[in-house]
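A short write-up of the structure that comes next.
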Amino acid sequence: MARRRQIYEGKAKILYEGPEPGTLIQYFKDDATAFNAQKKGTINGKGVLNNRISEHVFTLLGNIGVPTHFIRRLNMREQLIRQVEIVPIEVVVRNVAAGSISKRLGIEEGQQLPRTIIEYYYKDDALGDPMVSDEHILCFGWAGQDELHEMADMAIRVNDFLSGMFAAINIRLVDFKLEFGRIWDNDFSRIILADEISPDGCRLWDMTTNEKLDKDRFRRDLGGEVEAYQEVARRLGLLPEGADSAVLDLETHRKKREK
Ligand code: UDP
């Protein structure tokens, strides 16, 4: 008999039915994909680190009044979250040119943008998540005008908070992706922050060396993916000093015992 019902499997996470109605369990895998899943691989221990990093960030955002789906972390790879109706839009916030904006518009990577930019992408794997404007979002009813404003306002708040948080540990928040969901209360819905915030969906550069501490290490075959994710966790104070790999060692140990 299955231990619990799987609701959805994505590229980096699995969602299971939660213990109470309106809740889900979000399981973080080690799988990594890039370029619309054309490149696939595993980053050993990534799920453990992303679970912990995302818990930390969502907790801090909750503390400053940003509503999120996060309830609590359950174990090394799982967290309890509120079930939402996902808005099919990826909201990307950019402070520094990198990745697709550099390629599309010929702007040198690393150039500080004159102002923060918000972009929207329609979540559709078959179409390769095309960039869309607010006109498309409203026209096709992916989100309403009020929802769009709420998402943009929240994205800016998250950016301001995270830029400061990362700057304090000598990391530049170049860009990142957010996802939002709707929570229904009878006929009314509100928008809350969903998914995860981790080096999988952010560009994080060391402020002194410009070293990449994010998924670009995987996308661009730079190597040292786990070490980079661990470094982010370590600087955030999530790994004990001098015992950087303790979390991962523990899990390896547990797996061996279970065999
Ligand atoms: N991003 C993401 N998921 C996606 C596309 C982008 O998390 O499906 C993140 C990515 O990690 C980066 C930011 O959004 O931090 C901007 O990505 P970009 O548009 O430059 O695309 P990419 O270069 O990753 O293809």
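Naming scheme: A, B, ... for chains in displayed order of the structure tokens; residues 1 onward per chain; ligands 1 onward as shown.
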
Neighbours of ligand 1 within 9 Å, counting only C-alpha atoms and all ligand atoms, as a tab-separated table (two decimals) with N, CA and C atoms, in the first residue's frame?
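Now in selection-v4.tsv:
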chain	number	residue	atom	x	y	z
A	34	ALA	N	17.88	21.84	-16.81
A	34	ALA	CA	18.12	23.18	-17.34
A	34	ALA	C	17.71	23.19	-18.80
A	35	PHE	N	17.58	24.38	-19.34
A	35	PHE	CA	17.20	24.57	-20.74
A	35	PHE	C	15.93	23.76	-21.06
A	36	ASN	N	14.88	24.04	-20.30
A	36	ASN	CA	13.60	23.38	-20.49
A	36	ASN	C	13.73	21.86	-20.47
A	90	GLU	N	5.56	32.59	-14.17
A	90	GLU	CA	6.81	32.73	-13.42
A	90	GLU	C	7.16	34.21	-13.41
A	91	VAL	N	7.35	34.73	-12.22
A	91	VAL	CA	7.69	36.16	-12.08
A	91	VAL	C	9.19	36.25	-11.87
A	92	VAL	N	9.89	36.86	-12.81
A	92	VAL	CA	11.35	36.99	-12.71
A	92	VAL	C	11.70	38.44	-12.37
A	93	VAL	N	12.54	38.61	-11.36
A	93	VAL	CA	13.00	39.94	-10.95
A	93	VAL	C	14.48	40.04	-11.27
A	94	ARG	N	14.88	41.12	-11.90
A	94	ARG	CA	16.29	41.29	-12.29
A	94	ARG	C	16.88	42.59	-11.77
A	97	ALA	N	22.11	42.36	-15.21
A	97	ALA	CA	21.90	41.59	-16.44
A	97	ALA	C	22.63	40.26	-16.38
A	98	ALA	N	21.92	39.19	-16.74
A	98	ALA	CA	22.52	37.84	-16.84
A	98	ALA	C	21.53	36.96	-17.56
A	99	GLY	N	22.01	35.82	-18.03
A	99	GLY	CA	21.12	34.82	-18.62
A	99	GLY	C	20.35	35.34	-19.82
A	100	SER	N	19.05	35.08	-19.82
A	100	SER	CA	18.26	35.30	-21.04
A	100	SER	C	18.19	36.78	-21.44
A	101	ILE	N	18.21	37.69	-20.49
A	101	ILE	CA	18.11	39.11	-20.88
A	101	ILE	C	19.40	39.56	-21.59
A	102	SER	N	20.52	39.00	-21.16
A	102	SER	CA	21.79	39.34	-21.80
A	102	SER	C	21.82	38.81	-23.22
A	103	LYS	N	21.33	37.56	-23.35
A	103	LYS	CA	21.33	36.92	-24.67
A	103	LYS	C	20.37	37.63	-25.62
A	119	GLU	N	9.77	40.59	-15.06
A	119	GLU	CA	9.31	39.94	-16.30
A	119	GLU	C	8.36	38.81	-15.94
A	121	TYR	N	6.72	35.06	-17.33
A	121	TYR	CA	6.82	33.93	-18.27
A	121	TYR	C	5.61	33.02	-18.05
A	123	LYS	N	3.91	29.64	-17.70
A	123	LYS	CA	4.39	28.31	-17.33
A	123	LYS	C	3.77	27.26	-18.26
A	125	ASP	N	5.60	23.94	-20.29
A	125	ASP	CA	6.81	23.23	-20.72
A	125	ASP	C	6.83	23.02	-22.23
A	128	GLY	N	7.97	25.94	-23.81
A	128	GLY	CA	9.27	26.44	-23.32
A	128	GLY	C	9.14	27.71	-22.49
A	129	ASP	N	8.07	27.82	-21.72
A	129	ASP	CA	7.85	28.98	-20.83
A	129	ASP	C	8.10	30.32	-21.54
A	131	MET	N	8.09	34.21	-22.67
A	131	MET	CA	7.90	35.49	-21.97
A	131	MET	C	6.59	36.10	-22.46
A	173	LEU	N	22.47	39.54	-5.27
A	173	LEU	CA	21.26	38.92	-5.81
A	173	LEU	C	21.06	39.48	-7.22
A	174	VAL	N	21.49	38.71	-8.21
A	174	VAL	CA	21.46	39.15	-9.61
A	174	VAL	C	20.04	39.12	-10.15
A	175	ASP	N	19.39	37.96	-10.02
A	175	ASP	CA	17.99	37.81	-10.44
A	175	ASP	C	17.39	36.60	-9.75
A	176	PHE	N	16.10	36.47	-9.84
A	176	PHE	CA	15.44	35.29	-9.25
A	176	PHE	C	14.04	35.14	-9.80
A	177	LYS	N	13.49	33.95	-9.57
A	177	LYS	CA	12.15	33.62	-10.07
A	177	LYS	C	11.22	33.31	-8.90
A	178	LEU	N	10.02	33.84	-8.96
A	178	LEU	CA	9.01	33.55	-7.94
A	178	LEU	C	7.79	32.92	-8.57
A	197	ILE	N	12.37	29.29	-2.69
A	197	ILE	CA	13.41	30.26	-3.02
A	197	ILE	C	14.72	29.61	-2.60
A	198	SER	N	15.55	29.30	-3.61
A	198	SER	CA	16.80	28.57	-3.36
A	198	SER	C	17.76	28.88	-4.51
A	199	PRO	N	19.00	28.40	-4.43
A	199	PRO	CA	19.94	28.67	-5.54
A	199	PRO	C	19.50	28.05	-6.86
A	200	ASP	N	18.47	27.21	-6.86
A	200	ASP	CA	17.93	26.68	-8.11
A	200	ASP	C	17.26	27.78	-8.95
A	201	GLY	N	16.66	28.73	-8.28
A	201	GLY	CA	15.87	29.75	-9.00
A	201	GLY	C	16.36	31.16	-8.80
A	202	CYS	N	17.61	31.29	-8.32
A	202	CYS	CA	18.20	32.62	-8.12
A	202	CYS	C	19.57	32.64	-8.77
A	203	ARG	N	20.03	33.81	-9.19
A	203	ARG	CA	21.46	33.95	-9.51
A	203	ARG	C	22.11	34.68	-8.35
A	204	LEU	N	23.09	34.01	-7.76
A	204	LEU	CA	23.76	34.53	-6.57
A	204	LEU	C	25.26	34.58	-6.85
A	214	ASP	N	25.14	29.31	-7.62
A	214	ASP	CA	23.76	28.97	-7.96
A	214	ASP	C	23.72	27.93	-9.09
A	215	LYS	N	22.53	27.74	-9.65
A	215	LYS	CA	22.35	26.66	-10.63
A	215	LYS	C	23.11	26.90	-11.94
A	216	ASP	N	23.60	28.10	-12.18
A	216	ASP	CA	24.43	28.32	-13.37
A	216	ASP	C	25.66	27.41	-13.37
A	219	ARG	N	24.09	24.57	-15.15
A	219	ARG	CA	23.72	24.93	-16.52
A	219	ARG	C	24.96	25.08	-17.41

Task: Long-range neighbours of A:Trp205 as a ChimeraX atom specification, 9 Å cut-off, only C-alpha atoms, 2 positions minimum in chain - done: /A:170-174,203,207-214

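For the pair atom CA of A:Glu147 and atom CA of A:Leu193, the interatomic distance is 11.9 Å.
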
Task: Test item: residues at most 7 Å from stretch 6-20 of chain A, only C-alpha atoms, excluding those fewer than 3 positions along its chain, as a list in words - done: Thr23, Leu24, Ile25, Gln26, Tyr27, Phe28, Lys29, Asp30, Asp31, Ala32 and Thr33 of chain A

Can you write just those residues out, all heavy atoms, as a PDB file, in the first residue's frame?
ATOM      1  N   THR A  23      -3.575  21.130   2.972  1.00  0.00           N
ATOM      2  CA  THR A  23      -2.113  21.105   3.120  1.00  0.00           C
ATOM      3  C   THR A  23      -1.512  20.088   2.151  1.00  0.00           C
ATOM      4  O   THR A  23      -2.184  19.166   1.695  1.00  0.00           O
ATOM      5  CB  THR A  23      -1.669  20.707   4.555  1.00  0.00           C
ATOM      6  OG1 THR A  23      -2.065  19.352   4.811  1.00  0.00           O
ATOM      7  CG2 THR A  23      -2.263  21.622   5.597  1.00  0.00           C
ATOM      8  N   LEU A  24      -0.246  20.292   1.843  1.00  0.00           N
ATOM      9  CA  LEU A  24       0.508  19.358   1.003  1.00  0.00           C
ATOM     10  C   LEU A  24       1.882  19.173   1.631  1.00  0.00           C
ATOM     11  O   LEU A  24       2.324  20.001   2.426  1.00  0.00           O
ATOM     12  CB  LEU A  24       0.703  19.930  -0.409  1.00  0.00           C
ATOM     13  CG  LEU A  24      -0.523  20.144  -1.316  1.00  0.00           C
ATOM     14  CD1 LEU A  24      -0.071  20.799  -2.617  1.00  0.00           C
ATOM     15  CD2 LEU A  24      -1.206  18.817  -1.610  1.00  0.00           C
ATOM     16  N   ILE A  25       2.549  18.102   1.220  1.00  0.00           N
ATOM     17  CA  ILE A  25       3.949  17.921   1.611  1.00  0.00           C
ATOM     18  C   ILE A  25       4.800  18.129   0.367  1.00  0.00           C
ATOM     19  O   ILE A  25       4.538  17.539  -0.684  1.00  0.00           O
ATOM     20  CB  ILE A  25       4.182  16.519   2.218  1.00  0.00           C
ATOM     21  CG1 ILE A  25       3.466  16.446   3.584  1.00  0.00           C
ATOM     22  CG2 ILE A  25       5.668  16.241   2.382  1.00  0.00           C
ATOM     23  CD1 ILE A  25       3.367  15.054   4.150  1.00  0.00           C
ATOM     24  N   GLN A  26       5.767  19.014   0.486  1.00  0.00           N
ATOM     25  CA  GLN A  26       6.653  19.333  -0.635  1.00  0.00           C
ATOM     26  C   GLN A  26       7.988  18.626  -0.393  1.00  0.00           C
ATOM     27  O   GLN A  26       8.675  18.908   0.584  1.00  0.00           O
ATOM     28  CB  GLN A  26       6.823  20.857  -0.712  1.00  0.00           C
ATOM     29  CG  GLN A  26       7.725  21.346  -1.823  1.00  0.00           C
ATOM     30  CD  GLN A  26       7.565  22.853  -2.096  1.00  0.00           C
ATOM     31  OE1 GLN A  26       7.040  23.231  -3.126  1.00  0.00           O
ATOM     32  NE2 GLN A  26       8.018  23.689  -1.190  1.00  0.00           N
ATOM     33  N   TYR A  27       8.333  17.698  -1.292  1.00  0.00           N
ATOM     34  CA  TYR A  27       9.555  16.899  -1.175  1.00  0.00           C
ATOM     35  C   TYR A  27      10.590  17.425  -2.169  1.00  0.00           C
ATOM     36  O   TYR A  27      10.313  17.549  -3.368  1.00  0.00           O
ATOM     37  CB  TYR A  27       9.227  15.427  -1.472  1.00  0.00           C
ATOM     38  CG  TYR A  27      10.433  14.513  -1.478  1.00  0.00           C
ATOM     39  CD1 TYR A  27      10.774  13.776  -0.349  1.00  0.00           C
ATOM     40  CD2 TYR A  27      11.240  14.399  -2.614  1.00  0.00           C
ATOM     41  CE1 TYR A  27      11.889  12.948  -0.354  1.00  0.00           C
ATOM     42  CE2 TYR A  27      12.366  13.581  -2.614  1.00  0.00           C
ATOM     43  CZ  TYR A  27      12.676  12.856  -1.485  1.00  0.00           C
ATOM     44  OH  TYR A  27      13.782  12.047  -1.491  1.00  0.00           O
ATOM     45  N   PHE A  28      11.790  17.708  -1.688  1.00  0.00           N
ATOM     46  CA  PHE A  28      12.854  18.278  -2.530  1.00  0.00           C
ATOM     47  C   PHE A  28      13.771  17.172  -3.050  1.00  0.00           C
ATOM     48  O   PHE A  28      14.459  16.516  -2.269  1.00  0.00           O
ATOM     49  CB  PHE A  28      13.682  19.284  -1.739  1.00  0.00           C
ATOM     50  CG  PHE A  28      12.965  20.582  -1.447  1.00  0.00           C
ATOM     51  CD1 PHE A  28      12.004  20.650  -0.447  1.00  0.00           C
ATOM     52  CD2 PHE A  28      13.258  21.727  -2.168  1.00  0.00           C
ATOM     53  CE1 PHE A  28      11.344  21.841  -0.174  1.00  0.00           C
ATOM     54  CE2 PHE A  28      12.608  22.926  -1.906  1.00  0.00           C
ATOM     55  CZ  PHE A  28      11.649  22.980  -0.902  1.00  0.00           C
ATOM     56  N   LYS A  29      13.803  17.006  -4.367  1.00  0.00           N
ATOM     57  CA  LYS A  29      14.663  15.986  -4.995  1.00  0.00           C
ATOM     58  C   LYS A  29      16.072  16.541  -5.258  1.00  0.00           C
ATOM     59  O   LYS A  29      16.277  17.757  -5.205  1.00  0.00           O
ATOM     60  CB  LYS A  29      14.064  15.574  -6.359  1.00  0.00           C
ATOM     61  CG  LYS A  29      12.675  14.985  -6.285  1.00  0.00           C
ATOM     62  CD  LYS A  29      12.288  14.330  -7.611  1.00  0.00           C
ATOM     63  CE  LYS A  29      11.840  15.325  -8.652  1.00  0.00           C
ATOM     64  NZ  LYS A  29      11.303  14.674  -9.870  1.00  0.00           N
ATOM     65  N   ASP A  30      16.978  15.644  -5.609  1.00  0.00           N
ATOM     66  CA  ASP A  30      18.317  16.084  -6.011  1.00  0.00           C
ATOM     67  C   ASP A  30      18.394  16.320  -7.520  1.00  0.00           C
ATOM     68  O   ASP A  30      19.435  16.733  -8.038  1.00  0.00           O
ATOM     69  CB  ASP A  30      19.366  15.029  -5.621  1.00  0.00           C
ATOM     70  CG  ASP A  30      19.674  15.056  -4.131  1.00  0.00           C
ATOM     71  OD1 ASP A  30      19.301  16.044  -3.464  1.00  0.00           O
ATOM     72  OD2 ASP A  30      20.291  14.103  -3.639  1.00  0.00           O
ATOM     73  N   ASP A  31      17.301  16.039  -8.226  1.00  0.00           N
ATOM     74  CA  ASP A  31      17.326  16.179  -9.688  1.00  0.00           C
ATOM     75  C   ASP A  31      17.466  17.645 -10.096  1.00  0.00           C
ATOM     76  O   ASP A  31      16.865  18.525  -9.496  1.00  0.00           O
ATOM     77  CB  ASP A  31      16.014  15.649 -10.299  1.00  0.00           C
ATOM     78  CG  ASP A  31      15.839  14.153 -10.043  1.00  0.00           C
ATOM     79  OD1 ASP A  31      16.804  13.530  -9.549  1.00  0.00           O
ATOM     80  OD2 ASP A  31      14.754  13.628 -10.326  1.00  0.00           O
ATOM     81  N   ALA A  32      18.255  17.838 -11.142  1.00  0.00           N
ATOM     82  CA  ALA A  32      18.417  19.195 -11.681  1.00  0.00           C
ATOM     83  C   ALA A  32      18.156  19.148 -13.181  1.00  0.00           C
ATOM     84  O   ALA A  32      18.545  18.196 -13.856  1.00  0.00           O
ATOM     85  CB  ALA A  32      19.829  19.695 -11.415  1.00  0.00           C
ATOM     86  N   THR A  33      17.467  20.157 -13.667  1.00  0.00           N
ATOM     87  CA  THR A  33      17.260  20.260 -15.115  1.00  0.00           C
ATOM     88  C   THR A  33      17.581  21.690 -15.531  1.00  0.00           C
ATOM     89  O   THR A  33      17.555  22.607 -14.714  1.00  0.00           O
ATOM     90  CB  THR A  33      15.807  19.951 -15.534  1.00  0.00           C
ATOM     91  OG1 THR A  33      14.943  20.893 -14.898  1.00  0.00           O
ATOM     92  CG2 THR A  33      15.387  18.544 -15.162  1.00  0.00           C
TER      93      THR A  33
END

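Minimum atom-to-atom distances from A:Ile192, A:Ala228, A:Pro114, A:Ala233 to A:Glu85 were compared using only C-alpha atoms, and the lowest value belongs to A:Ile192.
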
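DSSP annotation of stretch 130-215 of chain A from backbone atoms: alpha helix (DSSP H) residues are Asp134, Glu135, His136, Ile137, Leu138, Cys139, Gln145, Asp146, Glu147, Leu148, His149, Glu150, Met151, Ala152, Asp153, Met154, Ala155, Ile156, Arg157, Val158, Asn159, Asp160, Phe161, Leu162, Ser163, Gly164, Met165, Phe166 and Ala167 of chain A.
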
Open item on the list: Taking only C-alpha atoms into account, name the residue in A:Pro67, A:Gln38, A:Ile107, A:Val226 that is nearest to A:Met154.
Closed with: A:Pro67

TODO: Please provide the set of residues having any atom within 12 Å of A:Asp146, restricted to only C-alpha atoms, with same-chain residues fewer than 6 positions apart removed, written as a ChimeraX atom specification.
DONE: /A:134,137-138,152-153,189-191

With only C-alpha atoms as the counted atoms, please give the residues lying no more than 8 Å from stretch 160-163 of chain A, apart from itself and same-chain residues fewer than 3 positions off, as an mmCIF file with N, CA, C and O atoms, in the first residue's frame.
data_model
loop_
_atom_site.group_PDB
_atom_site.id
_atom_site.type_symbol
_atom_site.label_atom_id
_atom_site.label_comp_id
_atom_site.auth_asym_id
_atom_site.auth_seq_id
_atom_site.Cartn_x
_atom_site.Cartn_y
_atom_site.Cartn_z
ATOM 1 N N LEU A 61 10.614 35.917 5.328
ATOM 2 C CA LEU A 61 9.629 36.708 4.571
ATOM 3 C C LEU A 61 8.299 36.748 5.323
ATOM 4 O O LEU A 61 7.643 37.799 5.391
ATOM 5 N N ILE A 156 8.638 42.941 -5.569
ATOM 6 C CA ILE A 156 9.541 44.046 -5.232
ATOM 7 C C ILE A 156 9.923 44.001 -3.752
ATOM 8 O O ILE A 156 11.080 44.212 -3.380
ATOM 9 N N ARG A 157 8.945 43.690 -2.914
ATOM 10 C CA ARG A 157 9.236 43.570 -1.470
ATOM 11 C C ARG A 157 10.225 42.444 -1.218
ATOM 12 O O ARG A 157 11.171 42.575 -0.446
ATOM 13 N N PHE A 166 21.166 39.043 1.325
ATOM 14 C CA PHE A 166 22.336 38.458 0.665
ATOM 15 C C PHE A 166 23.542 39.399 0.711
ATOM 16 O O PHE A 166 24.679 38.952 0.880
ATOM 17 N N ALA A 167 23.307 40.705 0.565
ATOM 18 C CA ALA A 167 24.425 41.664 0.609
ATOM 19 C C ALA A 167 25.166 41.532 1.945
ATOM 20 O O ALA A 167 26.389 41.649 2.006
ATOM 21 N N ARG A 172 25.690 38.934 -4.164
ATOM 22 C CA ARG A 172 24.855 39.825 -4.981
ATOM 23 C C ARG A 172 23.665 39.027 -5.520
ATOM 24 O O ARG A 172 23.857 37.981 -6.148
ATOM 25 N N LEU A 173 22.468 39.542 -5.271
ATOM 26 C CA LEU A 173 21.258 38.915 -5.813
ATOM 27 C C LEU A 173 21.063 39.479 -7.218
ATOM 28 O O LEU A 173 20.550 40.579 -7.398
#

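Coordinates place atom CA of A:Gln112 at a distance of 29.6 Å from atom CA of A:Asp124.
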